[in-house]
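Single-structure report; data block below.
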Amino acid sequence: MQTDSAQGLGTDRLIVASSPHLLTTDNIPRIMHSVITALIPAMAVSVYFFGLRALLLLVVCLGASLLTEWGFQRIRSKPITVYDGSAAITGILLGLTLPPGFSIFGAILGSVFAVGIGKQLFGGLGFNIFNPALLGRAFLMATYPVMMTTWETPRTFTKAVDAVSAATPLALMKFEHKFAPAMDLFVGNVSGSLGETSAIAIIIGGLYLRYKGYVNWKLPLGYLGSMAVFSGIFWLIDPVKYPSPLFHILAGGAMLAAWFMVTDMVTSPVTALGQWIFVISAGIIAVVIRLWGGLPEGVMYSILLMNALVPLINKYTRPTVFGAGRNQGGA
Amino acid sequence: MPWRFLFVGGIGNHKKGISMGHKTFAKGIHPEYHKDAASSRIEKAALPKTVIIPLSQHAGAPCAPLVKKGDVVVEGQKIGDASAFVSSPVHASISGKVKDIELAEHPAGVRGMAIIIEGDGVVKDWTAKGAPVDPSTLAPEAIREVIREAGIVGMGGAGFPTSVKLAPPKGRAIDTVLLNGCECEPYLTADHRIMVEQAEKVVWGLRCIMKAVGAGAGLIGIEENKPDAIEAIKKAVGSAMNIKTVILEAKYPQGAEKMLIKAALNRKVPVGKLPLDVGVVVNNVGTAVAVFEAVNLGKPLIERVVTISGEAVREPKNLMVRVGATFEDVLAQCGSIKGNGDVRVLNGGPMMGIAQSTLTVPVIKGTSGITALPVKDARPLKYSPCIKCAACVEGCPMSLMPYRLGEYGRAMRVDDFNSWAGMSCIECGCCSYVCPAKRPLVQWIRIAKLKGRQQAAKAAAASK
């Protein structure tokens, strides 16, 4: 910077900096806030189906996540970035993966673990290896195994919430070989975690994010596509024993994961080839766990497993430098 | 197509209002173009009272002065030259007296020797005496000699001496001459106006260059967002079979030599090689006009079209400016700078232009524009950690991994930088532009490249 008022051009200073001098208006808070906006339909539908109890869970997760972020940054004397929205997303996503009747204290514990251990201990936003919300959920699966698998029937258009425990479509599929109709899954008229129930609400949010350009289309498409194709093979072999691909992508956490967890920028690969490897592998793992694993739902572990491989995937799927490799020149 | 949004665009790379389907290269970005001066005709700037002619306005050896203090010079007189092959002479852009030969500020951000001429107000008439000659009757050697003597260098900004470019080494055949009319830098419209207003000269220049290198084919690459230029050039080309106009997608950096060759000819210049290795010579449309004027009028490169634009400029214009006129002088003819506040004044456009620390720098042969931006647009000093959003990887036209290279540059890890092909970076700035964390990626990469070159030079010196 230099004071240059003597030049008589009505200006105070000429600022010197290295190019480029034009930058995009997109920034991290704007991206994160758009993700929160995109989650609003899913949150609204969960409150509609599961009542105020769902709202309470979401608010508790959100608040605990923000406080944890703030506390860690305060203790570490780091800049406070609570407003950038990333901790809020973790809180909301964690809330959406919990059963409606889940313990409030457990939800707080999960949020503290997700943001504190899952993100801040790694160094904060950008440095975490695992998706914090999923890590929080994995932690709760280990600490509250019974409560994490106790579900309620949702309030439907005809009957109010009666808080009886009911099996999720995936549990029904796994243990009783009953497949829920796709339309119920699509609208959300099934039991499950808050955000698992309504595929349509999640798709609306996902398409909004895609419209804003903040979601790489390869990730949700690849994940759902991989699940559909892989499960479709078994469905074609034996449609009585195995559910249809449509059931797989609509049931459980697949839709929420495809649009909001697989697409987490920090924990997904940066190269095009790496992204395909990541989502296709995760989709196959999810279906394998669902069909043959000990758990009804495999989405969470499929993503966490692949998260761990992201640094390696990035390293080995590096794009060919322009003009390197085979000479494509004419002369 | 309403469903297009599902597959195109990304962080910092919104493809609003861009029609697609035209030829292009892979990756790149779509910045806002701000072509505010696109419909302003080229005006002649007022004759400057004093000019500062730097002795180095090109890549290669600087010139030695051929005049001394107190000498009387006339417009177009050669006042500096060098015997080196890769160099280009400089000429007096106005008639007058040599006031001094001294160190002066240079728009590249350095200081260099320059000849200062005080004008006497006499203007030379360069208008054509007759119809332009037929380029096919000229000898390649003679064309190169005229181009060298006229001091013509690449006018897109890099300033490589054109006569050197047009003299390929023995055994290298050039089959195509590609004229660069992309002008992918935001704000700049000089090439656009040249193509609209001087299409005949552009095409004549192209024919002349084709003759000089013995190329059978000529191409003019123009971005889709300049329909009037495409129309004018197509009209000027007429029914010629060996010259084609190629319409390219409006995308940055479409005008980067390697990207342009890929887009227009589908040839990839190998790493570390030159366009001539794939049989192509690329020249700017402005250079083609300079060739026309040198061959037909005997006029050396003493003036050029400069776009004066940017939010801080009151009246964006395209001016025909004498080489050596100061930025201050030129800006004053565009209503000067708006408002009271910090500005960045750039030699060139916002993506690759160089910010000036003073307005007493001269316009040089490579000054395609003077862009003045209010500093509210400037990079905030704060940047946040990388969130691996992949926008830079998706934007890098050289298919590098800028987020990683930037980190290596920041940490001065030159070995890692080299093993991730950092030296292939063309410094177009796409990565810094799209980064939502506002990380100065290309700036760190520049530092690493510099450091890498220094280390290589040191190693070479040590092994001797």
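Labels for the structure tokens follow display order: chains A, B, ..., residues from 1 in each chain, ligands from 1.
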
- Task: Using DSSP on the backbone coordinates, identify all residues within range 168-376 of chain B classified as strand (DSSP E or B); present the result as a VMD selection string.
- Result: chain B and resid 176 to 181 217 to 223 243 to 248 252 280 to 284 303 to 309 313 317 to 322 326 337 343 to 348 354 to 355 362 369 to 374

Against range 185-201 of chain A, which residues of range 243-322 of chain A fall within 9 Å? For each one I want the closest pair of atoms and the distance in Å (one decimal), counting only C-alpha atoms, rows by chain and increasing residue number, as a tab-separated table.
residue	atom	partner	partner_atom	distance
A:Phe247	CA	A:Leu185	CA	7.8
A:Ile249	CA	A:Ala199	CA	8.9
A:Leu250	CA	A:Leu185	CA	5.8
A:Ala251	CA	A:Leu185	CA	6.1
A:Gly252	CA	A:Glu196	CA	5.3
A:Gly253	CA	A:Glu196	CA	4.9
A:Ala254	CA	A:Glu196	CA	7.8
A:Met255	CA	A:Ala199	CA	6.1
A:Leu256	CA	A:Glu196	CA	6.6

Keeping N, CA and C atoms for every residue in the selection just given, could you write it to a file as an mmCIF file, in the first residue's frame?
data_model
loop_
_atom_site.group_PDB
_atom_site.id
_atom_site.type_symbol
_atom_site.label_atom_id
_atom_site.label_comp_id
_atom_site.auth_asym_id
_atom_site.auth_seq_id
_atom_site.Cartn_x
_atom_site.Cartn_y
_atom_site.Cartn_z
ATOM 1 N N PHE A 247 -36.883 -49.194 -3.202
ATOM 2 C CA PHE A 247 -37.001 -49.302 -1.750
ATOM 3 C C PHE A 247 -35.684 -48.891 -1.091
ATOM 4 N N ILE A 249 -33.197 -46.956 -2.099
ATOM 5 C CA ILE A 249 -32.777 -45.554 -2.110
ATOM 6 C C ILE A 249 -33.757 -44.665 -1.353
ATOM 7 N N LEU A 250 -35.005 -45.146 -1.155
ATOM 8 C CA LEU A 250 -35.973 -44.313 -0.444
ATOM 9 C C LEU A 250 -36.008 -44.613 1.048
ATOM 10 N N ALA A 251 -35.628 -45.816 1.437
ATOM 11 C CA ALA A 251 -35.744 -46.202 2.844
ATOM 12 C C ALA A 251 -34.524 -45.770 3.636
ATOM 13 N N GLY A 252 -34.729 -45.662 4.933
ATOM 14 C CA GLY A 252 -33.615 -45.388 5.841
ATOM 15 C C GLY A 252 -32.965 -44.048 5.558
ATOM 16 N N GLY A 253 -31.684 -43.983 5.825
ATOM 17 C CA GLY A 253 -30.993 -42.706 5.717
ATOM 18 C C GLY A 253 -30.374 -42.459 4.357
ATOM 19 N N ALA A 254 -30.690 -43.311 3.370
ATOM 20 C CA ALA A 254 -29.994 -43.204 2.080
ATOM 21 C C ALA A 254 -30.149 -41.824 1.454
ATOM 22 N N MET A 255 -31.372 -41.324 1.430
ATOM 23 C CA MET A 255 -31.606 -40.051 0.741
ATOM 24 C C MET A 255 -30.924 -38.894 1.475
ATOM 25 N N LEU A 256 -31.071 -38.880 2.795
ATOM 26 C CA LEU A 256 -30.435 -37.819 3.590
ATOM 27 C C LEU A 256 -28.916 -37.879 3.413
#

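Nearest to Asn284 in chain B of all the residues B:Arg111, B:His192, B:His106, B:Lys338 is B:His192, based on only C-alpha atoms.
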
- Message: Just want the 9 Å neighbourhood of Phe260 in chain A, counted on only C-alpha atoms, with same-chain residues fewer than 2 positions away dropped. Output as a list in words.
- Response: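 Result of the neighbour search: Val35, Leu39, Leu93, Ile202, Gly206, Val215, Pro220, Met255, Leu256, Ala257, Ala258, Val262, Thr263 and Asp264 of chain A.
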
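All residues of protein, DNA or RNA that reach within 7 Å of range 317-321 of chain B, judged by only C-alpha atoms and not counting those fewer than 3 positions away in the chain, are Ala37, Ser40, Arg41, Ile42, Glu43, Lys44, Ala45, Ala190, Glu303, Arg304, Val305, Val306, Thr307, Ile308, Ser309 and Cys334 of chain B.
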
- Query: Hey, which of B:Gln333, B:Ser239, B:Asn13, B:Thr189 ends up closest to chain A? Count only C-alpha atoms.
  - Reply: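 For chain A, the nearest of the candidates is B:Asn13.
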
Can you write out as CSV which residues of chain B fall within 6 Å of chain A, alongside each residue's closest atom pair and its distance in Å to one decimal, counting only C-alpha atoms and ordering rows by chain and ascending residue number?
residue,atom,partner,partner_atom,distance
B:Phe5,CA,A:Tyr211,CA,5.7
B:Gly9,CA,A:Gly213,CA,5.7
B:Gly10,CA,A:Gly213,CA,4.2
B:Ile11,CA,A:Gly213,CA,5.7
B:Gly12,CA,A:Thr24,CA,5.1
B:Arg267,CA,A:Gly329,CA,4.9
B:Lys268,CA,A:Gly329,CA,5.1
B:Val269,CA,A:Gly323,CA,5.5
B:Pro270,CA,A:Gly323,CA,3.9
B:Val271,CA,A:Gly323,CA,5.0
B:Val278,CA,A:Ala331,CA,4.6
B:Gly279,CA,A:Ala331,CA,5.5
B:Ser336,CA,A:Leu9,CA,5.9
B:Ile337,CA,A:Leu9,CA,5.8
B:Asn340,CA,A:Thr11,CA,4.8
B:Gly341,CA,A:Asp12,CA,5.4
B:Asp342,CA,A:Arg13,CA,4.8
B:Val343,CA,A:Leu14,CA,5.2
B:Arg344,CA,A:Ile15,CA,5.1
B:Pro350,CA,A:His21,CA,4.8
B:Met351,CA,A:Pro20,CA,4.2
B:Met352,CA,A:Ser19,CA,5.3
B:Ala355,CA,A:Val16,CA,5.1
B:Ser357,CA,A:Leu14,CA,5.9
B:Pro385,CA,A:Gly126,CA,5.9
B:Cys386,CA,A:Gly126,CA,5.5
B:Ile387,CA,A:Gly126,CA,4.2
B:Lys388,CA,A:Val266,CA,5.1
B:Cys389,CA,A:Met265,CA,4.8
B:Ala390,CA,A:Val270,CA,4.7
B:Met398,CA,A:Phe322,CA,4.7
B:Ser399,CA,A:Val321,CA,5.0
B:Leu400,CA,A:Val321,CA,6.0
B:Gly429,CA,A:Pro20,CA,5.5
B:Tyr433,CA,A:Leu23,CA,4.4
B:Val434,CA,A:Thr24,CA,5.6
B:Pro436,CA,A:Asn27,CA,3.9
B:Ala437,CA,A:Ile28,CA,5.9

Produce a file of the selected residues containing C-alpha atoms, as a PDB file, in the first residue's frame.
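Result file follows (result-v2.pdb):
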ATOM      1  CA  PHE B   5     -28.706 -26.656 -13.506  1.00  0.00           C
ATOM      2  CA  GLY B   9     -21.864 -24.893 -12.515  1.00  0.00           C
ATOM      3  CA  GLY B  10     -20.398 -25.107  -9.076  1.00  0.00           C
ATOM      4  CA  ILE B  11     -18.901 -23.025  -6.322  1.00  0.00           C
ATOM      5  CA  GLY B  12     -17.722 -19.710  -7.749  1.00  0.00           C
ATOM      6  CA  ARG B 267      -4.302 -30.335 -30.057  1.00  0.00           C
ATOM      7  CA  LYS B 268      -2.584 -30.450 -26.695  1.00  0.00           C
ATOM      8  CA  VAL B 269       0.732 -28.694 -26.267  1.00  0.00           C
ATOM      9  CA  PRO B 270       2.840 -31.173 -24.255  1.00  0.00           C
ATOM     10  CA  VAL B 271       4.217 -30.115 -20.877  1.00  0.00           C
ATOM     11  CA  VAL B 278       2.179 -29.015 -32.393  1.00  0.00           C
ATOM     12  CA  GLY B 279       2.509 -27.014 -35.599  1.00  0.00           C
ATOM     13  CA  SER B 336     -10.578  10.103 -14.100  1.00  0.00           C
ATOM     14  CA  ILE B 337     -11.150   7.855 -11.131  1.00  0.00           C
ATOM     15  CA  ASN B 340     -12.654   9.033  -2.865  1.00  0.00           C
ATOM     16  CA  GLY B 341     -11.295   5.780  -1.677  1.00  0.00           C
ATOM     17  CA  ASP B 342      -8.727   3.119  -2.245  1.00  0.00           C
ATOM     18  CA  VAL B 343      -8.454   1.749  -5.756  1.00  0.00           C
ATOM     19  CA  ARG B 344      -6.476  -0.829  -7.594  1.00  0.00           C
ATOM     20  CA  PRO B 350      -8.498  -8.186 -13.271  1.00  0.00           C
ATOM     21  CA  MET B 351      -7.544 -11.832 -13.610  1.00  0.00           C
ATOM     22  CA  MET B 352      -3.891 -11.433 -14.579  1.00  0.00           C
ATOM     23  CA  ALA B 355      -1.538  -3.587  -9.771  1.00  0.00           C
ATOM     24  CA  SER B 357       1.821   1.646  -7.157  1.00  0.00           C
ATOM     25  CA  PRO B 385      -8.836 -23.134   6.094  1.00  0.00           C
ATOM     26  CA  CYS B 386      -9.418 -25.135   2.931  1.00  0.00           C
ATOM     27  CA  ILE B 387     -12.687 -27.086   3.057  1.00  0.00           C
ATOM     28  CA  LYS B 388     -11.714 -29.340   0.121  1.00  0.00           C
ATOM     29  CA  CYS B 389     -14.714 -28.165  -1.861  1.00  0.00           C
ATOM     30  CA  ALA B 390     -12.829 -29.055  -5.061  1.00  0.00           C
ATOM     31  CA  MET B 398      -4.073 -27.301 -16.487  1.00  0.00           C
ATOM     32  CA  SER B 399      -5.654 -30.099 -14.398  1.00  0.00           C
ATOM     33  CA  LEU B 400      -3.502 -29.412 -11.373  1.00  0.00           C
ATOM     34  CA  GLY B 429      -5.834 -17.252 -11.274  1.00  0.00           C
ATOM     35  CA  TYR B 433     -11.060 -16.680  -8.057  1.00  0.00           C
ATOM     36  CA  VAL B 434     -13.293 -19.615  -7.154  1.00  0.00           C
ATOM     37  CA  PRO B 436     -14.800 -19.873  -1.146  1.00  0.00           C
ATOM     38  CA  ALA B 437     -12.260 -19.802   1.698  1.00  0.00           C
TER      39      ALA B 437
END

- Message: Using only C-alpha atoms, can you tell me which of B:Val133, B:Val123, B:Val67, B:Ala104 comes closest to Asn296 in chain B?
- Response: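 Looking at the shortest contact to Asn296 in chain B, the residue is B:Val133.
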
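CA of Glu102 in chain B lies 6.7 Å from CA of Ile115 in chain B.
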
- Query: Which residues in range 83-313 of chain A does DSSP call alpha helix (DSSP H)? List them as a ChimeraX atom specification.
  - Reply: /A:86-96,104-112,132-143,169-171,182-187,199-212,218-237,245-250,254-256,272-292,299-313
